[in-house]
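protein.cif (mmCIF, C-alpha atoms and all ligand atoms)
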data_target
#
loop_
_atom_site.group_PDB
_atom_site.id
_atom_site.type_symbol
_atom_site.label_atom_id
_atom_site.label_comp_id
_atom_site.auth_asym_id
_atom_site.auth_seq_id
_atom_site.Cartn_x
_atom_site.Cartn_y
_atom_site.Cartn_z
ATOM 1 C CA MET A 117 6.453 62.129 -22.926
ATOM 2 C CA TRP A 118 3.452 64.441 -22.973
ATOM 3 C CA ILE A 119 3.971 67.940 -24.395
ATOM 4 C CA ARG A 120 0.939 70.217 -24.363
ATOM 5 C CA PRO A 121 0.155 71.263 -27.947
ATOM 6 C CA GLN A 122 -0.106 74.955 -28.770
ATOM 7 C CA ALA A 123 -3.587 75.324 -30.176
ATOM 8 C CA GLU A 124 -6.990 76.600 -29.296
ATOM 9 C CA THR A 125 -8.933 74.566 -26.725
ATOM 10 C CA MET A 126 -12.096 72.969 -28.013
ATOM 11 C CA ARG A 127 -15.021 70.874 -26.857
ATOM 12 C CA LEU A 128 -16.836 69.443 -29.859
ATOM 13 C CA SER A 129 -19.855 67.200 -30.119
ATOM 14 C CA GLN A 130 -23.041 66.570 -32.095
ATOM 15 C CA PHE A 131 -26.469 68.005 -31.375
ATOM 16 C CA SER A 132 -29.987 68.293 -32.739
ATOM 17 C CA ARG A 133 -32.983 70.454 -31.919
ATOM 18 C CA ARG A 134 -35.400 67.481 -31.879
ATOM 19 C CA ALA A 135 -34.858 63.944 -30.592
ATOM 20 C CA ALA A 136 -35.269 62.027 -33.867
ATOM 21 C CA ALA A 137 -33.382 64.524 -36.043
ATOM 22 C CA GLN A 138 -30.007 63.920 -37.688
ATOM 23 C CA PRO A 139 -27.299 65.497 -35.539
ATOM 24 C CA TRP A 140 -24.958 68.287 -36.617
ATOM 25 C CA CYS A 141 -21.548 69.083 -35.197
ATOM 26 C CA GLY A 142 -21.096 71.930 -32.768
ATOM 27 C CA ALA A 143 -18.537 73.573 -30.520
ATOM 28 C CA ILE A 144 -19.374 74.219 -26.865
ATOM 29 C CA VAL A 145 -18.208 77.700 -25.843
ATOM 30 C CA ASP A 146 -18.462 79.444 -22.467
ATOM 31 C CA GLY A 147 -19.727 76.185 -20.931
ATOM 32 C CA ASP A 148 -23.375 76.504 -22.021
ATOM 33 C CA THR A 149 -23.506 77.899 -25.570
ATOM 34 C CA VAL A 150 -23.227 75.750 -28.685
ATOM 35 C CA ILE A 151 -22.019 77.094 -32.016
ATOM 36 C CA ASP A 152 -23.758 75.263 -34.882
ATOM 37 C CA LEU A 153 -20.609 74.673 -36.928
ATOM 38 C CA PRO A 154 -22.121 73.950 -40.382
ATOM 39 C CA ALA A 155 -24.340 77.078 -40.031
ATOM 40 C CA ALA A 156 -21.483 79.209 -38.702
ATOM 41 C CA GLY A 157 -19.247 77.913 -41.483
ATOM 42 C CA ASP A 158 -21.898 78.847 -44.082
ATOM 43 C CA ALA A 159 -22.065 82.369 -42.707
ATOM 44 C CA ALA A 160 -18.289 82.668 -42.537
ATOM 45 C CA GLY A 161 -17.623 81.139 -45.956
ATOM 46 C CA VAL A 162 -15.870 78.082 -44.489
ATOM 47 C CA ASP A 163 -17.022 74.640 -45.643
ATOM 48 C CA ILE A 164 -17.887 72.555 -42.569
ATOM 49 C CA PRO A 165 -19.613 69.178 -43.075
ATOM 50 C CA ARG A 166 -22.566 68.060 -40.988
ATOM 51 C CA THR A 167 -20.971 65.265 -38.944
ATOM 52 C CA LEU A 168 -17.969 65.478 -36.680
ATOM 53 C CA SER A 169 -16.241 62.444 -38.203
ATOM 54 C CA ASP A 170 -16.533 64.037 -41.682
ATOM 55 C CA LEU A 171 -15.133 67.261 -40.244
ATOM 56 C CA LEU A 172 -12.144 65.408 -38.757
ATOM 57 C CA GLY A 173 -11.414 64.044 -42.229
ATOM 58 C CA ARG A 174 -10.892 67.569 -43.625
ATOM 59 C CA TRP A 175 -7.506 69.248 -43.860
ATOM 60 C CA HIS A 176 -6.944 71.843 -41.152
ATOM 61 C CA TRP A 177 -10.257 71.048 -39.474
ATOM 62 C CA ALA A 178 -9.200 72.770 -36.247
ATOM 63 C CA GLU A 179 -8.462 76.035 -38.053
ATOM 64 C CA LYS A 180 -11.826 75.807 -39.871
ATOM 65 C CA VAL A 181 -13.634 75.311 -36.564
ATOM 66 C CA SER A 182 -11.734 78.185 -35.047
ATOM 67 C CA MET A 183 -12.696 80.517 -37.935
ATOM 68 C CA ALA A 184 -16.369 79.505 -37.742
ATOM 69 C CA VAL A 185 -16.487 79.960 -33.961
ATOM 70 C CA THR A 186 -14.797 83.356 -34.164
ATOM 71 C CA TYR A 187 -17.226 84.505 -36.854
ATOM 72 C CA ALA A 188 -20.300 83.235 -34.943
ATOM 73 C CA THR A 189 -19.117 84.885 -31.746
ATOM 74 C CA GLU A 190 -18.382 88.240 -33.370
ATOM 75 C CA HIS A 191 -21.662 88.304 -35.316
ATOM 76 C CA GLY A 192 -23.921 86.664 -32.706
ATOM 77 C CA THR A 193 -25.086 84.054 -35.212
ATOM 78 C CA ALA A 194 -25.457 80.226 -35.311
ATOM 79 C CA ARG A 195 -25.616 80.039 -31.506
ATOM 80 C CA ALA A 196 -27.919 77.932 -29.308
ATOM 81 C CA ASP A 197 -28.293 77.219 -25.601
ATOM 82 C CA LEU A 198 -26.828 73.839 -24.702
ATOM 83 C CA ASP A 199 -29.819 73.196 -22.399
ATOM 84 C CA GLY A 200 -32.279 73.449 -25.291
ATOM 85 C CA LEU A 201 -30.514 70.884 -27.500
ATOM 86 C CA VAL A 202 -30.563 67.103 -27.722
ATOM 87 C CA ARG A 203 -27.040 65.754 -27.169
ATOM 88 C CA HIS A 204 -25.702 62.948 -29.327
ATOM 89 C CA ALA A 205 -22.447 60.995 -29.209
ATOM 90 C CA PRO A 206 -19.550 63.159 -30.466
ATOM 91 C CA VAL A 207 -18.967 60.535 -33.177
ATOM 92 C CA THR A 208 -21.983 58.460 -34.291
ATOM 93 C CA ASP A 209 -20.502 56.668 -37.293
ATOM 94 C CA PRO A 210 -16.903 55.598 -36.575
ATOM 95 C CA GLY A 211 -15.368 53.245 -39.116
ATOM 96 C CA LYS A 212 -14.117 51.128 -36.255
ATOM 97 C CA VAL A 213 -14.201 50.912 -32.495
ATOM 98 C CA VAL A 214 -10.961 49.375 -31.248
ATOM 99 C CA CYS A 215 -10.781 48.258 -27.628
ATOM 100 C CA VAL A 216 -7.773 47.445 -25.477
ATOM 101 C CA GLY A 217 -7.823 44.601 -22.949
ATOM 102 C CA LEU A 218 -5.904 44.768 -19.683
ATOM 103 C CA ASN A 219 -4.279 48.242 -19.623
ATOM 104 C CA TYR A 220 -4.211 49.334 -15.960
ATOM 105 C CA GLU A 221 -1.456 48.110 -13.649
ATOM 106 C CA ASP A 222 -3.768 48.286 -10.622
ATOM 107 C CA HIS A 223 -6.357 46.193 -12.506
ATOM 108 C CA ALA A 224 -3.673 43.624 -13.423
ATOM 109 C CA ARG A 225 -2.614 43.346 -9.768
ATOM 110 C CA GLU A 226 -6.249 43.016 -8.635
ATOM 111 C CA GLY A 227 -6.802 40.079 -10.992
ATOM 112 C CA ASP A 228 -3.357 38.548 -10.351
ATOM 113 C CA HIS A 229 -2.540 38.965 -14.048
ATOM 114 C CA SER A 230 0.993 39.492 -15.301
ATOM 115 C CA ILE A 231 1.677 42.786 -17.104
ATOM 116 C CA PRO A 232 1.287 42.157 -20.863
ATOM 117 C CA ASP A 233 4.228 42.922 -23.191
ATOM 118 C CA GLU A 234 1.930 44.182 -25.923
ATOM 119 C CA PRO A 235 -1.639 45.517 -25.951
ATOM 120 C CA VAL A 236 -4.386 42.962 -26.555
ATOM 121 C CA LEU A 237 -6.953 44.355 -28.973
ATOM 122 C CA PHE A 238 -10.595 43.474 -29.522
ATOM 123 C CA SER A 239 -13.492 45.447 -30.958
ATOM 124 C CA LYS A 240 -17.034 46.630 -30.546
ATOM 125 C CA PHE A 241 -19.214 47.091 -33.633
ATOM 126 C CA PRO A 242 -19.913 50.787 -34.425
ATOM 127 C CA THR A 243 -23.688 50.174 -34.212
ATOM 128 C CA ALA A 244 -23.244 49.911 -30.421
ATOM 129 C CA ILE A 245 -22.492 53.648 -30.176
ATOM 130 C CA THR A 246 -24.912 55.795 -28.205
ATOM 131 C CA GLY A 247 -24.701 59.215 -26.620
ATOM 132 C CA PRO A 248 -24.814 60.968 -23.264
ATOM 133 C CA GLY A 249 -28.220 60.713 -21.563
ATOM 134 C CA ALA A 250 -29.347 57.901 -23.876
ATOM 135 C CA GLU A 251 -30.588 54.608 -22.445
ATOM 136 C CA ILE A 252 -28.464 51.454 -22.304
ATOM 137 C CA THR A 253 -31.002 48.770 -23.210
ATOM 138 C CA TRP A 254 -31.073 44.985 -23.356
ATOM 139 C CA ASP A 255 -33.446 42.055 -23.313
ATOM 140 C CA PRO A 256 -33.063 40.370 -19.896
ATOM 141 C CA THR A 257 -33.890 36.983 -21.448
ATOM 142 C CA TYR A 258 -30.878 37.400 -23.800
ATOM 143 C CA THR A 259 -28.253 38.463 -21.235
ATOM 144 C CA GLU A 260 -28.387 38.440 -17.432
ATOM 145 C CA GLN A 261 -24.915 39.859 -16.683
ATOM 146 C CA VAL A 262 -24.524 43.411 -17.957
ATOM 147 C CA ASP A 263 -21.511 45.282 -16.558
ATOM 148 C CA TYR A 264 -19.884 48.739 -16.804
ATOM 149 C CA GLU A 265 -16.263 49.665 -17.694
ATOM 150 C CA ALA A 266 -15.035 53.259 -17.320
ATOM 151 C CA GLU A 267 -12.658 54.121 -20.171
ATOM 152 C CA LEU A 268 -10.776 57.025 -21.668
ATOM 153 C CA VAL A 269 -11.523 56.992 -25.414
ATOM 154 C CA VAL A 270 -9.173 58.312 -28.099
ATOM 155 C CA VAL A 271 -10.786 59.923 -31.162
ATOM 156 C CA VAL A 272 -8.530 59.603 -34.206
ATOM 157 C CA GLY A 273 -8.063 62.850 -36.131
ATOM 158 C CA ARG A 274 -5.905 61.869 -39.124
ATOM 159 C CA GLU A 275 -5.311 58.783 -41.218
ATOM 160 C CA ALA A 276 -2.555 56.872 -39.424
ATOM 161 C CA ARG A 277 -0.604 54.006 -40.955
ATOM 162 C CA ASP A 278 2.520 52.670 -39.280
ATOM 163 C CA VAL A 279 3.250 55.813 -37.260
ATOM 164 C CA SER A 280 5.910 56.009 -34.560
ATOM 165 C CA VAL A 281 5.186 56.517 -30.875
ATOM 166 C CA ASP A 282 6.871 59.933 -31.093
ATOM 167 C CA ASP A 283 4.577 61.059 -33.921
ATOM 168 C CA ALA A 284 1.405 59.425 -32.592
ATOM 169 C CA TRP A 285 -0.067 62.509 -30.852
ATOM 170 C CA GLU A 286 -0.407 64.245 -34.214
ATOM 171 C CA TYR A 287 -3.024 61.654 -35.183
ATOM 172 C CA VAL A 288 -5.209 62.179 -32.116
ATOM 173 C CA ALA A 289 -8.103 64.659 -32.469
ATOM 174 C CA GLY A 290 -8.894 64.453 -28.785
ATOM 175 C CA VAL A 291 -10.367 62.289 -26.085
ATOM 176 C CA THR A 292 -13.784 61.578 -24.652
ATOM 177 C CA VAL A 293 -15.366 59.425 -21.948
ATOM 178 C CA GLY A 294 -16.648 55.928 -22.751
ATOM 179 C CA ASN A 295 -18.434 53.081 -21.036
ATOM 180 C CA ASP A 296 -17.409 49.690 -22.473
ATOM 181 C CA VAL A 297 -20.707 48.046 -21.472
ATOM 182 C CA SER A 298 -20.250 44.277 -21.508
ATOM 183 C CA ALA A 299 -22.622 41.289 -21.378
ATOM 184 C CA ARG A 300 -20.338 39.043 -19.303
ATOM 185 C CA ASP A 301 -22.320 35.823 -19.847
ATOM 186 C CA LEU A 302 -22.047 36.252 -23.635
ATOM 187 C CA GLN A 303 -18.444 37.562 -23.506
ATOM 188 C CA HIS A 304 -17.162 34.676 -21.416
ATOM 189 C CA GLY A 305 -19.480 32.011 -22.860
ATOM 190 C CA ASP A 306 -18.456 32.659 -26.459
ATOM 191 C CA GLY A 307 -14.697 32.257 -26.016
ATOM 192 C CA GLN A 308 -14.310 35.526 -27.935
ATOM 193 C CA TRP A 309 -15.703 38.880 -27.021
ATOM 194 C CA VAL A 310 -17.277 40.688 -29.945
ATOM 195 C CA ARG A 311 -20.921 39.641 -29.342
ATOM 196 C CA GLY A 312 -20.973 40.431 -25.629
ATOM 197 C CA LYS A 313 -19.333 43.807 -26.264
ATOM 198 C CA SER A 314 -21.433 44.881 -29.248
ATOM 199 C CA LEU A 315 -25.092 44.831 -28.238
ATOM 200 C CA ASP A 316 -26.894 47.967 -29.490
ATOM 201 C CA THR A 317 -26.348 50.864 -27.014
ATOM 202 C CA PHE A 318 -23.361 49.098 -25.362
ATOM 203 C CA ALA A 319 -20.865 51.823 -26.368
ATOM 204 C CA PRO A 320 -21.976 55.117 -24.810
ATOM 205 C CA ILE A 321 -19.477 57.933 -25.449
ATOM 206 C CA GLY A 322 -19.414 61.652 -24.654
ATOM 207 C CA PRO A 323 -20.383 64.194 -23.554
ATOM 208 C CA ALA A 324 -17.867 65.830 -25.943
ATOM 209 C CA LEU A 325 -14.600 65.372 -27.788
ATOM 210 C CA VAL A 326 -12.052 67.385 -25.831
ATOM 211 C CA THR A 327 -8.953 68.452 -27.729
ATOM 212 C CA LEU A 328 -5.620 67.578 -26.138
ATOM 213 C CA ASP A 329 -4.709 71.167 -25.344
ATOM 214 C CA ASP A 330 -7.823 71.360 -23.154
ATOM 215 C CA VAL A 331 -6.856 68.516 -20.787
ATOM 216 C CA ASP A 332 -3.971 68.191 -18.416
ATOM 217 C CA ASP A 333 -1.545 65.305 -18.990
ATOM 218 C CA PRO A 334 -3.839 62.536 -20.371
ATOM 219 C CA HIS A 335 -1.645 60.057 -18.494
ATOM 220 C CA ASP A 336 -2.564 61.602 -15.134
ATOM 221 C CA LEU A 337 -6.346 61.929 -14.983
ATOM 222 C CA ASP A 338 -8.726 60.587 -12.343
ATOM 223 C CA ILE A 339 -11.222 58.101 -13.803
ATOM 224 C CA TRP A 340 -14.260 56.687 -12.012
ATOM 225 C CA THR A 341 -17.660 54.962 -12.264
ATOM 226 C CA GLU A 342 -20.642 55.719 -10.045
ATOM 227 C CA LEU A 343 -23.726 53.525 -9.964
ATOM 228 C CA ASP A 344 -26.709 55.379 -8.465
ATOM 229 C CA GLY A 345 -24.194 57.637 -6.719
ATOM 230 C CA GLU A 346 -22.004 54.858 -5.284
ATOM 231 C CA ARG A 347 -18.403 54.945 -6.494
ATOM 232 C CA LEU A 348 -17.394 51.508 -7.828
ATOM 233 C CA GLN A 349 -14.326 52.322 -9.940
ATOM 234 C CA ASP A 350 -11.806 54.937 -8.809
ATOM 235 C CA SER A 351 -8.373 55.117 -10.418
ATOM 236 C CA ASN A 352 -6.087 57.351 -12.455
ATOM 237 C CA THR A 353 -4.713 57.023 -15.975
ATOM 238 C CA GLU A 354 -1.193 57.151 -14.472
ATOM 239 C CA ASN A 355 -1.842 53.410 -14.042
ATOM 240 C CA PHE A 356 -1.934 52.873 -17.819
ATOM 241 C CA ILE A 357 0.354 50.055 -18.942
ATOM 242 C CA PHE A 358 0.354 51.444 -22.522
ATOM 243 C CA GLY A 359 -0.030 55.194 -23.075
ATOM 244 C CA LEU A 360 -2.289 56.704 -25.707
ATOM 245 C CA ASP A 361 0.675 57.352 -28.018
ATOM 246 C CA GLU A 362 1.841 53.730 -27.724
ATOM 247 C CA LEU A 363 -1.685 52.450 -28.447
ATOM 248 C CA VAL A 364 -2.105 54.628 -31.553
ATOM 249 C CA ALA A 365 1.299 53.525 -32.884
ATOM 250 C CA PHE A 366 0.589 49.854 -32.086
ATOM 251 C CA CYS A 367 -2.826 49.897 -33.813
ATOM 252 C CA SER A 368 -1.436 51.733 -36.846
ATOM 253 C CA ARG A 369 1.130 49.006 -37.454
ATOM 254 C CA ALA A 370 -1.690 46.489 -37.838
ATOM 255 C CA PHE A 371 -4.347 48.501 -39.680
ATOM 256 C CA THR A 372 -5.044 52.031 -40.945
ATOM 257 C CA LEU A 373 -6.673 54.307 -38.415
ATOM 258 C CA GLU A 374 -9.063 56.822 -39.977
ATOM 259 C CA PRO A 375 -10.576 60.101 -38.772
ATOM 260 C CA GLY A 376 -13.415 59.386 -36.334
ATOM 261 C CA ASP A 377 -12.153 55.921 -35.371
ATOM 262 C CA LEU A 378 -12.337 55.304 -31.628
ATOM 263 C CA ILE A 379 -9.913 53.528 -29.311
ATOM 264 C CA PHE A 380 -11.332 52.458 -25.924
ATOM 265 C CA THR A 381 -8.181 52.303 -23.809
ATOM 266 C CA GLY A 382 -9.079 49.752 -21.136
ATOM 267 C CA THR A 383 -10.703 49.916 -17.714
ATOM 268 C CA PRO A 384 -9.339 50.239 -14.142
ATOM 269 C CA PRO A 385 -10.228 47.867 -11.241
ATOM 270 C CA GLY A 386 -13.711 47.595 -9.778
ATOM 271 C CA VAL A 387 -15.877 46.256 -12.607
ATOM 272 C CA GLY A 388 -19.052 44.603 -11.327
ATOM 273 C CA VAL A 389 -18.565 40.968 -12.314
ATOM 274 C CA TYR A 390 -15.403 40.578 -10.210
ATOM 275 C CA ARG A 391 -16.822 42.277 -7.106
ATOM 276 C CA GLU A 392 -17.723 40.247 -4.046
ATOM 277 C CA PRO A 393 -20.715 39.979 -4.277
ATOM 278 C CA PRO A 394 -20.993 40.865 -7.997
ATOM 279 C CA VAL A 395 -22.715 44.143 -8.953
ATOM 280 C CA LEU A 396 -24.549 43.911 -12.271
ATOM 281 C CA LEU A 397 -26.539 46.585 -14.065
ATOM 282 C CA ASP A 398 -30.307 46.434 -13.693
ATOM 283 C CA ASP A 399 -33.399 48.133 -15.098
ATOM 284 C CA GLY A 400 -33.538 51.727 -13.839
ATOM 285 C CA ASP A 401 -29.868 51.917 -12.776
ATOM 286 C CA ARG A 402 -28.133 55.224 -13.441
ATOM 287 C CA VAL A 403 -24.470 54.742 -14.368
ATOM 288 C CA THR A 404 -22.011 57.631 -14.604
ATOM 289 C CA VAL A 405 -18.448 57.377 -15.908
ATOM 290 C CA GLY A 406 -16.239 60.379 -15.290
ATOM 291 C CA ILE A 407 -12.753 61.525 -16.244
ATOM 292 C CA GLU A 408 -11.060 64.529 -14.671
ATOM 293 C CA GLY A 409 -11.174 67.509 -17.031
ATOM 294 C CA VAL A 410 -12.850 65.503 -19.823
ATOM 295 C CA GLY A 411 -16.400 65.190 -18.503
ATOM 296 C CA GLU A 412 -19.061 62.908 -17.091
ATOM 297 C CA LEU A 413 -21.154 60.497 -19.134
ATOM 298 C CA THR A 414 -24.457 59.369 -17.586
ATOM 299 C CA ASN A 415 -26.814 56.724 -18.961
ATOM 300 C CA VAL A 416 -29.867 55.003 -17.508
ATOM 301 C CA CYS A 417 -30.318 51.245 -17.969
ATOM 302 C CA ARG A 418 -33.566 49.800 -19.372
ATOM 303 C CA HIS A 419 -34.796 46.289 -19.998
ATOM 304 C CA ARG A 420 -36.700 45.951 -23.259
HETATM 305 ZN ZN ZN A 501 -13.037 47.576 -21.834
#
In structure tokens, write the structure found in this file.
Amino acid sequence: MWIRPQAETMRLSQFSRRAAAQPWCGAIVDGDTVIDLPAAGDAAGVDIPRTLSDLLGRWHWAEKVSMAVTYATEHGTARADLDGLVRHAPVTDPGKVVCVGLNYEDHAREGDHSIPDEPVLFSKFPTAITGPGAEITWDPTYTEQVDYEAELVVVVGREARDVSVDDAWEYVAGVTVGNDVSARDLQHGDGQWVRGKSLDTFAPIGPALVTLDDVDDPHDLDIWTELDGERLQDSNTENFIFGLDELVAFCSRAFTLEPGDLIFTGTPPGVGVYREPPVLLDDGDRVTVGIEGVGELTNVCRHR
């Protein structure tokens, strides 16, 4: 059962002032202002590391962020316009990217699959991570069947080992939007999925990590994909077979979850490869994945 935590609402991500620069973590306030958290922390006497995953590894990170934001707001320092910044993925260096197979009841019915008793896990390599607005790129002679998958992504906030479903929310820093981009010819040809799921740029996430107090019930959010404005996936996380708390607990029984780790929680019906006729991503396509209250993640596809 979902109980809204009592804490300050936050939208956190990573930014830079120039395209090639190393990103720093920031908090988005008032919709269009970014507080440079390491700089604000310096000014406020609070130690805030450069990357968001390092920040999540610190004790009481939320309180530290809150102190830095309050200081920056009161003193008018360490602020920048969101429009003038380059946006990066909220987490660029996760230790692992766990993915869940079939996790939407409506998707199971569409494919005539039975409802699984336990989650099926696979993974994407962390080098596949890219950010909002970045290009999804591939060599068309290497794969000819590139597909989208709209997914709610859990960002782990505390080391979790063998935690119960009841305690699982305490280990979640927040959620973001993800696109589990998949090379279907490689995925299905290999007999196992890691290559087809892990091409560079095949894990766009963002635009921000949204803390749980800033979303409505995460098990009742609209989720969709639009390709050049046409809606191809349209569901709601009420169709989850396994909730976020069950997934965190299940993963933590098998392996230690660490701050910054990501869990892609499965996709609803309407992926391209199973459409009649199939819809596959092509050079120049603009693909947007959205989740109610969490944000929209847009990427343009490029052959290379
Ligand atoms: Zn997926």
Which residues of chain A come within 6 Å of ligand ZN 501 (chain A), and for each one, what is the closest pair of atoms and their distance in Å to one decimal, counting all atoms listed in the file, sorted by chain and residue number, as a tab-separated table?
residue	atom	partner	partner_atom	distance
A:Glu265	CA	A:ZN501	ZN	5.6
A:Asp296	CA	A:ZN501	ZN	4.9
A:Gly382	CA	A:ZN501	ZN	4.6
A:Thr383	CA	A:ZN501	ZN	5.3
Practice problem: Report as a PyMOL selection string the residues that result from applying the PyMOL selection byres (((chain A and resi 184) around 12) and not hetatm) to the structure here. | Solution: chain A and resi 141-143+150-164+177-183+185-195
At most 7 Å is the cut-off: for each residue in segment 291-365 of chain A with any atom that close to an atom of segment 260-263 of chain A, write down the nearest atom pair and the distance in Å rounded to one decimal, counting all atoms listed in the file, chain first then increasing number, as a tab-separated table.
residue	atom	partner	partner_atom	distance
A:Val297	CA	A:Asp263	CA	5.7
A:Ser298	CA	A:Asp263	CA	5.2
A:Ala299	CA	A:Val262	CA	4.5
A:Arg300	CA	A:Gln261	CA	5.3
A:Asp301	CA	A:Gln261	CA	5.7
Quiz item: Can you tell me how far atom CA of Glu342 of chain A sits from atom CA of Glu354 of chain A, in Å to one decimal?
Solution: 20.0 Å
Quiz item: To one decimal place, how far is atom CA of Val310 of chain A from atom CA of Val389 of chain A in Å?
Solution: 17.7 Å
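When all atoms listed in the file are used to measure the gap to Tyr264 of chain A, the shortest distance among A:Glu234, A:Glu408, A:Asp401, A:Asp316 belongs to A:Asp401.
Across A:Ile407, A:Leu198, A:Val293, A:Ala266, the tightest approach to Pro384 of chain A is made by A:Ala266 when counting all atoms listed in the file.
Going from atom CA of Ser280 of chain A over to atom CA of Ala365 of chain A, you cover 5.5 Å.
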